[in-house]
Each structure stands twice: as structure tokens, then as C-alpha cells.
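S.K.: Quick one: the structure is below, and I'll ask about it shortly.
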Amino acid sequence: SLQQLEVLELSNNLLFGSIPLLLQLNELNIGSNFMSGSIATRIGLMTRLEVLDVSNNLLIGTVPSELGELSKLESLHMNINGITGVLPPTMTNLTKLETLDITRNSIIGTLPANIHLMERLEVLGLSFNSINGSLPAKLSTMSNLKILNLGTNEITGTLPEDLHLMERLEILGLSFNSIIGTLPEKVSLMSNLKTLDLVRNEIT
């Protein structure tokens, strides 16, 4: 029953069916297949997982709140699927997470207010969804972020005045939203910023 298996790499194949639940795995990569159905709540039992990649499949349904029980998770890729619903508040329990990519799905609702608790996060990709509301008040305290891409959503409100506190940020993508107001003056202090994309907003 593969009791010693810790790493399962099956990406870029022709696999179909549901996500396998092997409780002893540290890494599961089934990206770029034809996996379907929803992400089962039992995913929360795979507490040893450090890497989970289910990107580029045919997954539907919502992000289960039980995902927040994977306390060892460092990398989570769910991009290019048909996942819907809101991001559950339990996502912020993933305090070891360094990469979170849910690009190109159908996520709705606002960003979790406590997203800043994911303090190790370096890459946050949520572009091409239907996320609305304003940017979380404490977003700028996420000092480890290098890539923040929230382009092509329905984000409103203004840019945080303390955006410059994200000293390691290299890419900031907020294009195709409904952000208003002005560009904070202290953005000029962001010495590591290489790409600033604010195309198609309402910035004056």
C-alpha cells in the first residue's frame, strides 16, 4: 500500500479521476493532467504535505476549509482549474506557506482580512479570478513578499499608503481592477521593485 512513499510526482500525464489521498506524502504533484471533481475535505488529513501541486487540471468546487490543517505546507499550486467560492479564513493558518498560486480560477469574495498572518509568503498569485473588495489593511506588513499578482479581478479602494514597507517586493501586478486614488509617494522607496503594473484602473 505504498506506506513508505513520501514523494509522488505525476505531472504532465493523461491521468484522470480524483486527487489521491496518501496520508504519508510530503510532496504531491499531479499538475497538468485531467484530474476532476472537487478537492475533498479529507485533504486535511494529509498533514505531512509540504508541497501540493494540482495546477492545470479540471478541478471544480470550492477550496475546503480543511486545507488550513496542512500546517507544514510550503508550496500550494491550484492555478488553472475551475475552482469557485471564497478563500476560507482557515487559509491563513498556513503560516509556513511560501508560494500560493490560485491564478485563473473563479474565486470570489474578498481577500482574507488576516492574510498577513501568512508571514513567510513570498509569492501570492490570484490573478484572473473575481476577487472583490479592497486590499486588506495589513497587506503591507507582509515583508517577505516578492511577487504579488492580483491582476484581472474586481478589487476596489485605494493603494495602501504604507505599500513601501514591502521592501522585498519585485513584482506588483494589479492591472484590470477598479482601484482609485493616487499612487503613494513612497512607492519610490521600493528599491527592489522591478515591475509595477496598474494598467486599466482608475488611478489619478
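Residue numbering restarts at 1 in every chain; chains get A, B, ... in the order shown in the C-alpha cells, and ligands count up from 1 in that same order.
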Fewer than 4 positions away in the same chain doesn't count, so skip those; otherwise give me all residues within 10 Å of range 34-43 of chain A, counting only C-alpha atoms, as JSON, numbers by chain.
M.R.: {"A": [12, 13, 14, 15, 16, 17, 18, 19, 20, 21, 22, 23, 30, 47, 49, 54, 55, 56, 57, 58, 59, 60, 61, 62, 63, 64, 65, 66, 67, 68, 69, 70, 81, 82, 83, 84]}
S.K.: Check the smallest atom-to-atom distance from each of A:Ile147, A:Ile180, A:Leu121, A:Leu76 to Ser134 in chain A using only C-alpha atoms, then report the winner.
M.R.: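 Of all the options, A:Ile180 lies closest to Ser134 in chain A.
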S.K.: Could you pull out the strand (DSSP E) residues of chain A, going by DSSP on the backbone, and write them as a compact mmCIF listing (two decimals) with C-alpha atoms, in the first residue's frame?
M.R.:
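This went into out.txt:
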# COMPACT_ATOMS: atom_id res chain seq x y z
CA VAL A 7 7.10 11.98 -2.84
CA LEU A 8 4.65 11.37 -5.69
CA GLU A 9 5.41 13.17 -8.97
CA PHE A 16 -7.97 11.41 -14.71
CA GLY A 17 -10.11 10.84 -11.65
CA GLU A 27 5.03 16.08 -1.77
CA LEU A 28 2.20 15.51 -4.24
CA ASN A 29 2.47 16.86 -7.78
CA PHE A 34 -7.16 15.66 -16.36
CA MET A 35 -8.00 15.30 -12.67
CA SER A 36 -11.61 16.25 -11.99
CA GLY A 37 -14.13 16.65 -9.21
CA SER A 38 -13.69 18.78 -6.14
CA VAL A 51 4.26 20.61 -1.45
CA LEU A 52 0.88 20.27 -3.18
CA ASP A 53 0.51 20.94 -6.90
CA LEU A 58 -10.25 20.12 -14.39
CA LEU A 59 -10.96 20.59 -10.70
CA ILE A 60 -14.19 22.27 -9.62
CA SER A 75 4.08 25.43 -1.64
CA LEU A 76 0.49 25.30 -2.93
CA HIS A 77 -0.35 25.45 -6.64
CA THR A 84 -15.06 28.57 -7.22
CA GLY A 85 -16.21 30.18 -3.98
CA THR A 99 4.12 30.09 -2.51
CA LEU A 100 0.36 30.32 -3.08
CA ASP A 101 -0.85 30.27 -6.67
CA SER A 106 -13.30 31.57 -10.38
CA ILE A 107 -12.56 32.65 -6.82
CA ILE A 108 -14.99 35.26 -5.47
CA GLY A 109 -15.25 37.36 -2.33
CA VAL A 123 4.70 34.52 -3.98
CA LEU A 124 0.96 35.28 -3.99
CA GLY A 125 -0.77 34.72 -7.33
CA SER A 130 -13.36 37.52 -9.43
CA ILE A 131 -11.96 38.75 -6.12
CA ASN A 132 -13.61 41.95 -4.94
CA GLY A 133 -13.38 44.45 -2.11
CA ILE A 147 5.63 38.64 -6.16
CA LEU A 148 2.09 39.91 -5.63
CA ASN A 149 -0.19 39.43 -8.62
CA GLU A 154 -12.70 43.25 -9.19
CA ILE A 155 -10.60 44.91 -6.50
CA ILE A 171 6.59 42.39 -8.96
CA LEU A 172 3.31 44.13 -8.15
CA GLY A 173 0.50 43.30 -10.56
CA ILE A 180 -8.98 54.52 -7.29
CA GLY A 181 -6.95 57.32 -5.74
CA THR A 195 7.55 45.55 -12.35
CA LEU A 196 4.65 47.79 -11.34
CA ASP A 197 1.55 47.02 -13.40
CA GLU A 202 -8.98 54.45 -12.06
CA ILE A 203 -5.81 55.89 -10.57
S.K.: Just the residues within 8 Å of His116 in chain A, please, counting only C-alpha atoms, with nothing from its chain fewer than 6 positions along; format it as a PyMOL selection string.
M.R.: chain A and resi 92+138-139+141-142
S.K.: Can you work out the spacing between CA of Asn144 in chain A and CA of Arg120 in chain A in Å, to one decimal?
M.R.: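 CA of Arg120 in chain A lies at a distance of 6.0 Å from CA of Asn144 in chain A.
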S.K.: Rounded to one decimal in Å, what is the spacing between CA of Glu170 in chain A and CA of Thr156 in chain A?
M.R.: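 Distance reported for this atom pair: 22.3 Å.
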